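Coordinates from entry-v2.tsv are shown below (TSV, C-alpha atoms).
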```
chain	number	residue	atom	x	y	z
A	1	MET	CA	6.26	-8.06	-27.42
A	2	GLU	CA	3.35	-9.03	-25.18
A	3	LEU	CA	1.82	-8.25	-21.85
A	4	ILE	CA	1.40	-11.54	-20.03
A	5	ALA	CA	-1.44	-11.94	-17.54
A	6	LYS	CA	-1.55	-14.90	-15.17
A	7	TYR	CA	-4.86	-16.18	-13.79
A	8	HIS	CA	-6.25	-18.78	-11.44
A	9	VAL	CA	-9.43	-20.20	-13.03
A	10	GLU	CA	-12.16	-22.43	-11.60
A	11	THR	CA	-14.55	-23.80	-14.23
A	12	ASP	CA	-16.40	-26.89	-15.41
A	13	LEU	CA	-15.06	-26.27	-18.91
A	14	PRO	CA	-11.86	-27.91	-20.10
A	15	ILE	CA	-9.19	-25.47	-18.97
A	16	GLN	CA	-8.03	-24.88	-22.55
A	17	LYS	CA	-11.54	-23.83	-23.55
A	18	ALA	CA	-11.78	-21.53	-20.54
A	19	ALA	CA	-8.44	-19.95	-21.42
A	20	GLU	CA	-9.54	-19.42	-25.01
A	21	ALA	CA	-12.73	-17.75	-23.78
A	22	ILE	CA	-10.74	-15.33	-21.64
A	23	ALA	CA	-8.32	-14.55	-24.48
A	24	ALA	CA	-11.17	-13.85	-26.88
A	25	GLU	CA	-13.33	-11.82	-24.48
A	26	GLN	CA	-10.44	-9.60	-23.41
A	27	SER	CA	-9.07	-8.89	-26.89
A	28	THR	CA	-10.81	-9.17	-30.25
A	29	GLY	CA	-13.52	-11.78	-29.75
A	30	THR	CA	-17.03	-12.06	-28.35
A	31	TRP	CA	-19.51	-14.86	-27.57
A	32	THR	CA	-20.00	-15.78	-31.23
A	33	ALA	CA	-17.94	-15.74	-34.42
A	34	VAL	CA	-17.58	-12.32	-36.06
A	35	ARG	CA	-15.59	-11.16	-39.08
A	36	GLY	CA	-12.14	-9.91	-38.31
A	37	ALA	CA	-11.86	-11.32	-34.77
A	38	ASP	CA	-8.98	-13.56	-35.82
A	39	ASN	CA	-6.41	-10.80	-36.39
A	40	PRO	CA	-2.93	-9.90	-35.14
A	41	LEU	CA	-4.36	-8.18	-32.04
A	42	ALA	CA	-6.05	-11.34	-30.80
A	43	ALA	CA	-4.70	-12.52	-27.43
A	44	ARG	CA	-3.19	-15.99	-27.30
A	45	VAL	CA	-3.21	-18.76	-24.75
A	46	ILE	CA	0.32	-19.35	-23.46
A	47	LEU	CA	-0.56	-21.83	-20.71
A	48	ALA	CA	-3.69	-23.72	-19.71
A	49	GLU	CA	-2.82	-26.33	-17.12
A	50	GLY	CA	-4.65	-27.41	-13.98
A	51	ASP	CA	-6.28	-24.22	-12.76
A	52	ASN	CA	-3.54	-21.94	-14.11
A	53	VAL	CA	-3.93	-19.84	-17.24
A	54	GLU	CA	-1.51	-17.44	-18.90
A	55	ILE	CA	-2.65	-15.15	-21.67
A	56	GLY	CA	-0.40	-13.12	-23.94
A	57	PHE	CA	-1.84	-9.77	-25.06
A	58	PRO	CA	-0.12	-7.98	-27.96
A	59	GLU	CA	1.40	-4.74	-26.72
A	60	GLU	CA	-0.45	-2.87	-29.47
A	61	LEU	CA	-3.68	-3.51	-27.56
A	62	PHE	CA	-2.55	-1.08	-24.87
A	63	GLU	CA	-2.36	2.69	-24.79
A	64	PRO	CA	0.98	3.45	-23.10
A	65	GLY	CA	0.50	5.32	-19.86
A	66	ASN	CA	-3.22	4.54	-19.56
A	67	ILE	CA	-3.53	2.39	-16.43
A	68	PRO	CA	-7.37	2.32	-16.54
A	69	GLN	CA	-7.19	0.90	-20.06
A	70	TYR	CA	-4.63	-1.74	-19.02
A	71	LEU	CA	-7.02	-2.93	-16.32
A	72	SER	CA	-9.96	-2.97	-18.72
A	73	VAL	CA	-8.05	-5.50	-20.81
A	74	VAL	CA	-6.54	-7.79	-18.17
A	75	ALA	CA	-9.23	-7.47	-15.49
A	76	GLY	CA	-12.38	-6.59	-17.40
A	77	ASN	CA	-15.38	-8.63	-18.49
A	78	LEU	CA	-13.71	-11.98	-17.79
A	79	PHE	CA	-14.94	-11.80	-14.18
A	80	GLY	CA	-18.51	-11.93	-15.46
A	81	LEU	CA	-18.15	-14.83	-17.88
A	82	GLY	CA	-20.85	-17.36	-16.96
A	83	GLU	CA	-18.73	-20.39	-17.87
A	84	LEU	CA	-16.15	-19.44	-15.24
A	85	LYS	CA	-16.98	-20.05	-11.58
A	86	LYS	CA	-14.06	-18.00	-10.31
A	87	VAL	CA	-11.15	-16.06	-11.82
A	88	ARG	CA	-8.26	-14.44	-9.98
A	89	LEU	CA	-5.72	-12.17	-11.68
A	90	LEU	CA	-2.49	-13.33	-10.09
A	91	ASP	CA	0.21	-11.34	-11.85
A	92	ILE	CA	1.00	-9.12	-14.81
A	93	ILE	CA	4.29	-9.14	-16.70
A	94	PHE	CA	4.54	-5.79	-18.46
A	95	PRO	CA	6.48	-5.25	-21.69
A	96	GLU	CA	9.15	-2.57	-21.65
A	97	SER	CA	7.09	-0.33	-23.90
A	98	LEU	CA	4.49	0.06	-21.16
A	99	LEU	CA	6.98	0.31	-18.30
A	100	ARG	CA	8.70	3.20	-20.09
A	101	ALA	CA	5.43	5.15	-19.97
A	102	HIS	CA	5.59	5.29	-16.16
A	103	ARG	CA	8.27	6.94	-14.04
A	104	GLY	CA	7.66	5.15	-10.77
A	105	PRO	CA	8.06	6.93	-7.44
A	106	SER	CA	9.53	10.41	-7.25
A	107	PHE	CA	10.36	9.56	-3.63
A	108	GLY	CA	11.45	6.04	-2.75
A	109	ILE	CA	12.80	4.31	0.34
A	110	GLU	CA	16.19	5.99	0.17
A	111	ASP	CA	14.66	9.46	-0.29
A	112	ALA	CA	12.33	9.02	2.69
A	113	ARG	CA	15.20	7.83	4.88
A	114	LYS	CA	17.30	10.82	3.85
A	115	ILE	CA	14.50	13.26	4.76
A	116	LEU	CA	14.14	11.71	8.22
A	117	GLY	CA	17.83	10.97	8.75
A	118	VAL	CA	16.91	7.39	9.70
A	119	TYR	CA	19.05	4.49	8.50
A	120	GLY	CA	19.69	0.90	9.44
A	121	ARG	CA	16.31	0.21	11.02
A	122	PRO	CA	12.65	-0.13	10.08
A	123	LEU	CA	10.41	2.91	10.32
A	124	VAL	CA	7.69	2.83	12.96
A	125	GLY	CA	4.45	4.74	12.51
A	126	THR	CA	0.91	5.19	13.76
A	127	ILE	CA	-2.59	6.08	12.68
A	128	VAL	CA	-4.32	8.80	14.64
A	129	LYS	CA	-6.97	7.25	16.89
A	130	PRO	CA	-9.88	7.62	17.44
A	131	LYS	CA	-10.27	7.10	13.69
A	132	VAL	CA	-12.59	10.08	13.34
A	133	GLY	CA	-14.17	12.56	15.71
A	134	LEU	CA	-11.15	14.58	16.82
A	135	ASP	CA	-10.92	18.24	15.86
A	136	PRO	CA	-7.67	19.70	14.45
A	137	ALA	CA	-6.27	20.54	17.88
A	138	GLY	CA	-7.06	17.07	19.18
A	139	THR	CA	-5.47	15.43	16.16
A	140	ALA	CA	-2.35	17.54	16.66
A	141	ARG	CA	-2.08	16.54	20.31
A	142	VAL	CA	-2.23	12.84	19.45
A	143	ALA	CA	0.29	13.22	16.61
A	144	ALA	CA	2.75	15.15	18.78
A	145	ALA	CA	2.47	12.61	21.59
A	146	ALA	CA	3.25	9.81	19.15
A	147	VAL	CA	6.31	11.50	17.67
A	148	ARG	CA	7.53	12.43	21.14
A	149	GLY	CA	7.63	8.70	21.75
A	150	GLY	CA	9.97	8.20	18.80
A	151	LEU	CA	7.70	7.43	15.85
A	152	ASP	CA	8.73	8.27	12.29
A	153	LEU	CA	5.33	8.65	10.68
A	154	VAL	CA	1.82	9.69	11.67
A	155	LYS	CA	-1.03	9.18	9.20
A	156	ASP	CA	-4.68	10.04	8.92
A	157	ASP	CA	-7.21	7.27	8.96
A	158	GLU	CA	-8.43	6.25	5.51
A	159	THR	CA	-11.91	7.60	6.28
A	160	LEU	CA	-10.73	11.06	7.34
A	161	THR	CA	-10.52	13.64	4.56
A	162	ASP	CA	-12.02	17.15	4.78
A	163	GLN	CA	-15.09	16.71	6.97
A	164	SER	CA	-16.65	19.61	8.88
A	165	PHE	CA	-15.56	18.31	12.29
A	166	CYS	CA	-11.90	18.26	11.22
A	167	PRO	CA	-11.21	20.34	8.08
A	168	LEU	CA	-8.10	19.32	6.20
A	169	ILE	CA	-6.10	22.55	6.10
A	170	PRO	CA	-6.69	23.53	9.76
A	171	ARG	CA	-5.86	19.93	10.77
A	172	LEU	CA	-2.71	19.93	8.68
A	173	GLU	CA	-1.52	23.26	10.03
A	174	ALA	CA	-2.18	22.21	13.62
A	175	VAL	CA	-0.36	18.89	13.22
A	176	MET	CA	2.65	20.33	11.40
A	177	SER	CA	2.97	23.10	13.99
A	178	ALA	CA	2.89	20.51	16.77
A	179	LEU	CA	5.46	18.31	15.02
A	180	ASP	CA	7.71	21.33	14.49
A	181	ARG	CA	7.64	21.96	18.24
A	182	VAL	CA	8.50	18.35	18.98
A	183	GLU	CA	11.39	18.48	16.51
A	184	THR	CA	12.69	21.69	18.10
A	185	GLU	CA	12.52	20.14	21.55
A	186	THR	CA	13.78	16.64	20.77
A	187	GLY	CA	15.41	16.71	17.32
A	188	LYS	CA	12.97	14.02	16.13
A	189	LYS	CA	11.71	14.40	12.55
A	190	ALA	CA	8.53	12.71	11.38
A	191	PHE	CA	6.23	12.54	8.39
A	192	TYR	CA	2.57	13.44	8.62
A	193	ALA	CA	0.62	11.70	5.86
A	194	VAL	CA	-2.44	13.90	5.43
A	195	ASN	CA	-5.25	12.20	3.54
A	196	VAL	CA	-6.01	14.18	0.36
A	197	THR	CA	-8.32	11.58	-1.18
A	198	VAL	CA	-11.10	13.21	-3.21
A	199	GLY	CA	-12.53	13.05	-6.74
A	200	ALA	CA	-10.43	13.33	-9.87
A	201	ASP	CA	-11.49	16.91	-10.49
A	202	LYS	CA	-10.09	18.12	-7.16
A	203	ILE	CA	-7.33	15.80	-5.99
A	204	LEU	CA	-4.30	17.57	-7.45
A	205	GLU	CA	-5.59	20.96	-6.32
A	206	ARG	CA	-6.21	19.61	-2.82
A	207	ALA	CA	-2.80	17.95	-2.61
A	208	GLU	CA	-0.99	21.06	-3.84
A	209	ALA	CA	-2.86	23.15	-1.28
A	210	ALA	CA	-1.74	20.73	1.42
A	211	VAL	CA	1.90	21.06	0.35
A	212	ASP	CA	1.54	24.85	0.22
A	213	HIS	CA	0.35	24.72	3.84
A	214	GLY	CA	3.31	22.68	5.00
A	215	ALA	CA	2.55	19.02	4.30
A	216	ASN	CA	5.68	16.87	4.15
A	217	MET	CA	3.75	13.78	2.93
A	218	VAL	CA	0.31	13.17	1.47
A	219	MET	CA	-1.80	10.04	1.57
A	220	ILE	CA	-4.39	8.63	-0.81
A	221	ASP	CA	-6.77	5.68	-0.80
A	222	VAL	CA	-5.59	4.32	-4.12
A	223	LEU	CA	-8.32	1.80	-4.86
A	224	THR	CA	-11.12	4.28	-4.32
A	225	VAL	CA	-9.46	7.21	-6.11
A	226	GLY	CA	-7.53	5.32	-8.80
A	227	PHE	CA	-3.96	4.61	-9.88
A	228	SER	CA	-3.96	7.51	-12.31
A	229	ALA	CA	-4.62	9.91	-9.42
A	230	LEU	CA	-1.58	8.50	-7.63
A	231	GLU	CA	0.51	9.00	-10.76
A	232	GLU	CA	-0.68	12.59	-11.11
A	233	LEU	CA	0.30	13.38	-7.53
A	234	SER	CA	3.67	11.66	-7.77
A	235	ARG	CA	4.57	13.60	-10.91
A	236	HIS	CA	3.57	17.02	-9.61
A	237	LEU	CA	4.22	17.06	-5.86
A	238	LYS	CA	7.54	17.60	-4.11
A	239	VAL	CA	6.68	15.30	-1.20
A	240	PRO	CA	6.35	11.51	-0.77
A	241	VAL	CA	3.00	9.79	-1.24
A	242	HIS	CA	1.68	7.29	1.32
A	243	VAL	CA	-0.69	4.79	-0.28
A	244	HIS	CA	-3.50	3.10	1.63
A	245	ARG	CA	-5.24	0.07	0.14
A	246	THR	CA	-8.69	0.47	1.71
A	247	MET	CA	-11.29	-1.66	-0.14
A	248	HIS	CA	-8.60	-4.13	-1.19
A	249	GLY	CA	-10.41	-7.03	0.47
A	250	ALA	CA	-13.11	-6.80	-2.18
A	251	PHE	CA	-10.41	-7.88	-4.67
A	252	THR	CA	-7.88	-9.84	-2.62
A	253	ARG	CA	-9.69	-11.74	0.13
A	254	ASP	CA	-11.05	-14.65	-1.94
A	255	LYS	CA	-7.97	-16.60	-2.99
A	256	GLY	CA	-9.88	-18.06	-5.95
A	257	HIS	CA	-11.40	-14.86	-7.30
A	258	GLY	CA	-10.54	-11.19	-7.75
A	259	ILE	CA	-7.16	-9.51	-8.05
A	260	ALA	CA	-4.05	-10.44	-6.08
A	261	MET	CA	-2.21	-7.89	-3.96
A	262	LEU	CA	0.85	-8.49	-6.14
A	263	VAL	CA	-0.88	-6.76	-9.05
A	264	ILE	CA	-1.86	-3.79	-6.88
A	265	SER	CA	1.71	-3.57	-5.58
A	266	LYS	CA	3.17	-3.46	-9.08
A	267	LEU	CA	0.74	-0.78	-10.21
A	268	VAL	CA	1.44	1.37	-7.14
A	269	ARG	CA	5.18	1.20	-7.77
A	270	MET	CA	4.73	2.04	-11.45
A	271	THR	CA	2.51	5.01	-10.66
A	272	GLY	CA	4.58	6.51	-7.87
A	273	GLY	CA	3.77	5.46	-4.31
A	274	THR	CA	6.45	5.85	-1.62
A	275	ASN	CA	4.77	3.59	0.96
A	276	LEU	CA	2.08	0.95	0.40
A	277	HIS	CA	0.05	-1.03	2.93
A	278	THR	CA	0.67	-4.59	1.78
A	279	GLY	CA	-0.49	-6.78	4.66
A	280	SER	CA	0.88	-8.08	7.91
A	281	TYR	CA	2.56	-11.34	8.79
A	282	MET	CA	1.09	-11.02	12.29
A	283	GLY	CA	-1.98	-8.93	13.15
A	284	LYS	CA	-5.75	-8.77	12.66
A	285	MET	CA	-5.44	-8.57	8.87
A	286	ALA	CA	-2.69	-11.16	8.49
A	287	ARG	CA	-3.05	-13.30	5.39
A	288	GLU	CA	-0.95	-15.89	3.62
A	289	THR	CA	2.78	-15.43	3.92
A	290	LEU	CA	3.30	-15.95	0.19
A	291	GLU	CA	1.03	-13.00	-0.69
A	292	ASN	CA	3.08	-10.71	1.55
A	293	ASP	CA	6.34	-12.07	0.19
A	294	LEU	CA	5.33	-11.42	-3.41
A	295	SER	CA	4.17	-7.88	-2.69
A	296	ARG	CA	7.30	-7.12	-0.66
A	297	ASP	CA	9.55	-8.25	-3.48
A	298	ALA	CA	7.55	-6.41	-6.14
A	299	LEU	CA	8.03	-3.17	-4.20
A	300	ARG	CA	11.73	-3.53	-3.41
A	301	GLU	CA	13.52	-5.67	-6.00
A	302	ASP	CA	15.25	-4.09	-9.00
A	303	TRP	CA	12.63	-3.38	-11.64
A	304	HIS	CA	13.01	-1.11	-14.65
A	305	GLY	CA	15.03	1.39	-12.62
A	306	TYR	CA	12.01	2.35	-10.51
A	307	LYS	CA	12.77	3.58	-7.00
A	308	ARG	CA	12.05	1.14	-4.20
A	309	VAL	CA	8.84	1.39	-2.15
A	310	PHE	CA	8.28	0.77	1.57
A	311	PRO	CA	5.84	-2.07	2.32
A	312	VAL	CA	3.69	-1.18	5.34
A	313	ALA	CA	2.51	-3.75	7.88
A	314	SER	CA	-0.61	-2.58	9.72
A	315	GLY	CA	-3.87	-3.77	11.23
A	316	GLY	CA	-3.95	-5.10	14.78
A	317	VAL	CA	-0.19	-4.67	15.24
A	318	TYR	CA	1.17	-4.14	18.77
A	319	PRO	CA	4.61	-4.73	20.32
A	320	ALA	CA	4.35	-8.52	20.53
A	321	LYS	CA	3.47	-8.62	16.81
A	322	VAL	CA	6.43	-6.53	15.70
A	323	HIS	CA	9.00	-9.32	15.46
A	324	GLY	CA	6.84	-11.49	13.20
A	325	ASN	CA	6.33	-8.65	10.75
A	326	LEU	CA	9.98	-7.67	10.74
A	327	ASP	CA	11.01	-11.30	10.21
A	328	GLY	CA	8.93	-11.14	7.04
A	329	TYR	CA	9.69	-7.63	5.79
A	330	GLY	CA	13.16	-6.92	7.16
A	331	ILE	CA	14.59	-3.47	7.79
A	332	ASP	CA	13.17	-1.68	4.74
A	333	CYS	CA	9.56	-1.53	5.87
A	334	ILE	CA	7.18	0.50	8.00
A	335	ILE	CA	5.50	-1.04	11.03
A	336	GLN	CA	2.26	0.82	11.62
A	337	ALA	CA	0.15	0.56	14.77
A	338	GLY	CA	-2.99	2.48	15.76
A	339	GLY	CA	-4.59	0.88	18.78
A	340	GLY	CA	-1.23	-0.73	19.51
A	341	VAL	CA	0.13	2.75	20.24
A	342	HIS	CA	-2.80	4.75	21.58
A	343	GLY	CA	-4.28	1.90	23.61
A	344	HIS	CA	-1.19	1.57	25.81
A	345	PRO	CA	-2.20	1.83	29.50
A	346	ASP	CA	0.18	4.77	29.98
A	347	GLY	CA	-0.93	6.68	26.89
A	348	THR	CA	0.20	7.44	23.38
A	349	THR	CA	3.80	8.46	24.06
A	350	ALA	CA	4.42	5.32	26.11
A	351	GLY	CA	2.73	3.25	23.41
A	352	ALA	CA	5.00	4.77	20.77
A	353	ARG	CA	8.07	4.02	22.88
A	354	ALA	CA	6.95	0.43	23.36
A	355	MET	CA	6.64	-0.05	19.60
A	356	VAL	CA	10.08	1.47	18.98
A	357	GLN	CA	11.55	-0.69	21.74
A	358	ALA	CA	10.04	-3.82	20.20
A	359	ALA	CA	11.61	-2.91	16.85
A	360	ASP	CA	14.95	-2.24	18.56
A	361	ALA	CA	14.81	-5.61	20.29
A	362	TRP	CA	14.25	-7.33	16.95
A	363	ARG	CA	17.08	-5.41	15.33
A	364	MET	CA	19.50	-6.32	18.16
A	365	GLN	CA	18.20	-9.91	18.23
A	366	ILE	CA	17.25	-9.69	21.89
A	367	PRO	CA	14.14	-11.61	23.04
A	368	LEU	CA	11.24	-9.29	23.85
A	369	LYS	CA	10.88	-10.50	27.42
A	370	GLU	CA	14.57	-9.93	28.01
A	371	TYR	CA	14.57	-6.46	26.45
A	372	ALA	CA	11.45	-5.50	28.39
A	373	LYS	CA	13.24	-5.91	31.71
A	374	ASP	CA	15.02	-2.59	31.12
A	375	HIS	CA	12.29	-0.88	29.08
A	376	LYS	CA	9.19	-0.19	31.15
A	377	GLU	CA	6.94	0.89	28.27
A	378	LEU	CA	7.54	-2.39	26.45
A	379	GLU	CA	7.12	-4.36	29.66
A	380	THR	CA	3.75	-2.72	30.33
A	381	ALA	CA	2.60	-3.36	26.75
A	382	LEU	CA	3.55	-7.03	26.89
A	383	LYS	CA	1.74	-7.49	30.18
A	384	PHE	CA	-1.34	-5.67	28.85
A	385	TRP	CA	-1.69	-7.24	25.38
A	386	GLY	CA	0.30	-10.40	25.85
A	387	TYR	CA	3.54	-11.85	24.57
```

Could you render the structure as structure tokens?
Amino acid sequence: MELIAKYHVETDLPIQKAAEAIAAEQSTGTWTAVRGADNPLAARVILAEGDNVEIGFPEELFEPGNIPQYLSVVAGNLFGLGELKKVRLLDIIFPESLLRAHRGPSFGIEDARKILGVYGRPLVGTIVKPKVGLDPAGTARVAAAAVRGGLDLVKDDETLTDQSFCPLIPRLEAVMSALDRVETETGKKAFYAVNVTVGADKILERAEAAVDHGANMVMIDVLTVGFSALEELSRHLKVPVHVHRTMHGAFTRDKGHGIAMLVISKLVRMTGGTNLHTGSYMGKMARETLENDLSRDALREDWHGYKRVFPVASGGVYPAKVHGNLDGYGIDCIIQAGGGVHGHPDGTTAGARAMVQAADAWRMQIPLKEYAKDHKELETALKFWGY
């Protein structure tokens, strides 16, 4: 069996020669002939056509369960090869022997829905804004106002961890206490994804402390902390894990070079994320539709028995952008808005209601303008930000 890696390659070399260089560099070879390089562990060129290359790596090259080592093979020194102008890792097809080494999410889409008691519609969430600068009490007020407006999830910003102006445990306790009050008053349940991102020596301890203090979801910045950290949390915690992709643009933005979001999506599902920011079909970070489609399907289609993962659309999303994202992602997704909630002229609760109303209009197939006639929060949002 083999692991198959698919690449886009731009080079002045004949594409077969470029493919052979990648196969050699990433398995047994080097820049010159050496004894023993031509052995059963040498990678082979499966396809070299146009600017597309597929390399087959013997499964024996990989240490099962060791995600960092997988990436060293399929996304290692090849990016520095002088003969190649650009290389983009497009996809990885994993052999069953490696898939068996990973359990996937402990909490998937169905588990999250069961916790919230929410079925038959997309989830709608927000990021606490301002991004940073609020103290624990201020964060709690914003979170409670959002959930009072009907939101299902409130998350920390990716840059907020355990800074002195808003320590993690006091913030968590304040937010969870506020959300408990909202639930008592309204019956509305919501997740709070508290950001536990920190170094490898502390992340599990920090996450477990958060759960001990009442966290019902944790969040990590997976590309800065690593896939193995996500896997460690998923295996040990009894709560879902929200996965942010901050720094992804360094890998994904250049369509000719780097690592595609599809690869990140597969690795997050293998290592245990419940939700993953994958990109928006409409919004300030919208990219190519195909990229979103591939990530969406990688998170939700049947794959090795892994639980399904929520794709998250975020970044410049507001009520008028909801329908475009739901057309792309469908019901099993999370629509996440920060400024599109808190920037509403009538405040956070009204902004939350407007987002929920926009999602309801999509679900009932009612045009936004029509639905807004009987829903003042949506009407105000559409007038303020546009249709």

Which residues of region 255-354 of chain A come within 8 Å of region 95-117 of chain A, and what is each one's closest atom pair and distance in Å (one decimal), counting all atoms listed in the file, sorted by chain and residue number, as JSON lines?
```
{"residue": "A:Arg269", "atom": "CA", "partner": "A:Gly104", "partner_atom": "CA", "distance": 5.5}
{"residue": "A:Met270", "atom": "CA", "partner": "A:Gly104", "partner_atom": "CA", "distance": 4.3}
{"residue": "A:Thr271", "atom": "CA", "partner": "A:Gly104", "partner_atom": "CA", "distance": 5.2}
{"residue": "A:Gly272", "atom": "CA", "partner": "A:Pro105", "partner_atom": "CA", "distance": 3.5}
{"residue": "A:Gly273", "atom": "CA", "partner": "A:Pro105", "partner_atom": "CA", "distance": 5.5}
{"residue": "A:Thr274", "atom": "CA", "partner": "A:Gly108", "partner_atom": "CA", "distance": 5.1}
{"residue": "A:His304", "atom": "CA", "partner": "A:Leu99", "partner_atom": "CA", "distance": 7.2}
{"residue": "A:Tyr306", "atom": "CA", "partner": "A:Gly104", "partner_atom": "CA", "distance": 5.2}
{"residue": "A:Lys307", "atom": "CA", "partner": "A:Gly108", "partner_atom": "CA", "distance": 5.1}
{"residue": "A:Arg308", "atom": "CA", "partner": "A:Gly108", "partner_atom": "CA", "distance": 5.1}
{"residue": "A:Val309", "atom": "CA", "partner": "A:Gly108", "partner_atom": "CA", "distance": 5.4}
{"residue": "A:Phe310", "atom": "CA", "partner": "A:Ile109", "partner_atom": "CA", "distance": 5.9}
{"residue": "A:Asp332", "atom": "CA", "partner": "A:Ile109", "partner_atom": "CA", "distance": 7.4}
```

Write out as number ranges by chain the residues lying within 6 Å of region 124-136 of chain A, counting all atoms listed in the file and excluding same-chain residues fewer than 2 positions away.
-> A: 138-139, 151-157, 165-166, 171, 334-338

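With CA of Thr184 (chain A) on one side and CA of Arg148 (chain A) on the other, the separation reads 11.0 Å.
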
Rank nothing, just name the residue among A:Leu84, A:Thr224, A:Val239, A:Lys266 nearest to Glu301 (chain A), using all atoms listed in the file.
->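 For Glu301 (chain A), the nearest of the candidates is A:Lys266.
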
Hey, what's within 10 Å of Val73 (chain A) if we count only C-alpha atoms and toss same-chain stuff fewer than 5 positions away? As a list in words, please?
->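 Counting only C-alpha atoms, the residues come to Ala5, Ala23, Glu25, Gln26, Ser27, Phe57, Leu61, Phe62, Pro68 and Leu78 of chain A.
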
Since the input lacks atoms, please generate N, CA and C atoms for region 225-238 of chain A and provide them as a PDB file, in the coordinates of the input.
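This is the output file selection19.pdb:
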```pdb
ATOM      1  N   VAL A 225      -9.701   6.017  -5.285  1.00  0.00           N
ATOM      2  CA  VAL A 225      -9.460   7.210  -6.110  1.00  0.00           C
ATOM      3  C   VAL A 225      -8.799   6.872  -7.442  1.00  0.00           C
ATOM      4  N   GLY A 226      -8.097   5.740  -7.523  1.00  0.00           N
ATOM      5  CA  GLY A 226      -7.530   5.320  -8.800  1.00  0.00           C
ATOM      6  C   GLY A 226      -6.029   5.484  -8.911  1.00  0.00           C
ATOM      7  N   PHE A 227      -5.413   4.589  -9.683  1.00  0.00           N
ATOM      8  CA  PHE A 227      -3.960   4.610  -9.880  1.00  0.00           C
ATOM      9  C   PHE A 227      -3.511   5.846 -10.645  1.00  0.00           C
ATOM     10  N   SER A 228      -4.337   6.329 -11.546  1.00  0.00           N
ATOM     11  CA  SER A 228      -3.960   7.510 -12.310  1.00  0.00           C
ATOM     12  C   SER A 228      -3.875   8.746 -11.414  1.00  0.00           C
ATOM     13  N   ALA A 229      -4.711   8.797 -10.381  1.00  0.00           N
ATOM     14  CA  ALA A 229      -4.620   9.910  -9.420  1.00  0.00           C
ATOM     15  C   ALA A 229      -3.303   9.850  -8.678  1.00  0.00           C
ATOM     16  N   LEU A 230      -2.883   8.657  -8.280  1.00  0.00           N
ATOM     17  CA  LEU A 230      -1.580   8.500  -7.630  1.00  0.00           C
ATOM     18  C   LEU A 230      -0.469   8.984  -8.550  1.00  0.00           C
ATOM     19  N   GLU A 231      -0.530   8.606  -9.810  1.00  0.00           N
ATOM     20  CA  GLU A 231       0.510   9.000 -10.760  1.00  0.00           C
ATOM     21  C   GLU A 231       0.549  10.510 -10.938  1.00  0.00           C
ATOM     22  N   GLU A 232      -0.611  11.137 -10.971  1.00  0.00           N
ATOM     23  CA  GLU A 232      -0.680  12.590 -11.110  1.00  0.00           C
ATOM     24  C   GLU A 232      -0.020  13.278  -9.910  1.00  0.00           C
ATOM     25  N   LEU A 233      -0.293  12.789  -8.720  1.00  0.00           N
ATOM     26  CA  LEU A 233       0.300  13.380  -7.530  1.00  0.00           C
ATOM     27  C   LEU A 233       1.814  13.162  -7.500  1.00  0.00           C
ATOM     28  N   SER A 234       2.236  11.949  -7.809  1.00  0.00           N
ATOM     29  CA  SER A 234       3.670  11.660  -7.770  1.00  0.00           C
ATOM     30  C   SER A 234       4.446  12.529  -8.739  1.00  0.00           C
ATOM     31  N   ARG A 235       3.868  12.821  -9.890  1.00  0.00           N
ATOM     32  CA  ARG A 235       4.570  13.600 -10.910  1.00  0.00           C
ATOM     33  C   ARG A 235       4.639  15.093 -10.568  1.00  0.00           C
ATOM     34  N   HIS A 236       3.665  15.578  -9.809  1.00  0.00           N
ATOM     35  CA  HIS A 236       3.570  17.020  -9.610  1.00  0.00           C
ATOM     36  C   HIS A 236       4.002  17.494  -8.214  1.00  0.00           C
ATOM     37  N   LEU A 237       3.934  16.628  -7.226  1.00  0.00           N
ATOM     38  CA  LEU A 237       4.220  17.060  -5.860  1.00  0.00           C
ATOM     39  C   LEU A 237       5.688  16.876  -5.507  1.00  0.00           C
ATOM     40  N   LYS A 238       6.149  17.670  -4.578  1.00  0.00           N
ATOM     41  CA  LYS A 238       7.540  17.600  -4.110  1.00  0.00           C
ATOM     42  C   LYS A 238       7.618  16.950  -2.740  1.00  0.00           C
TER      43      LYS A 238
END
```
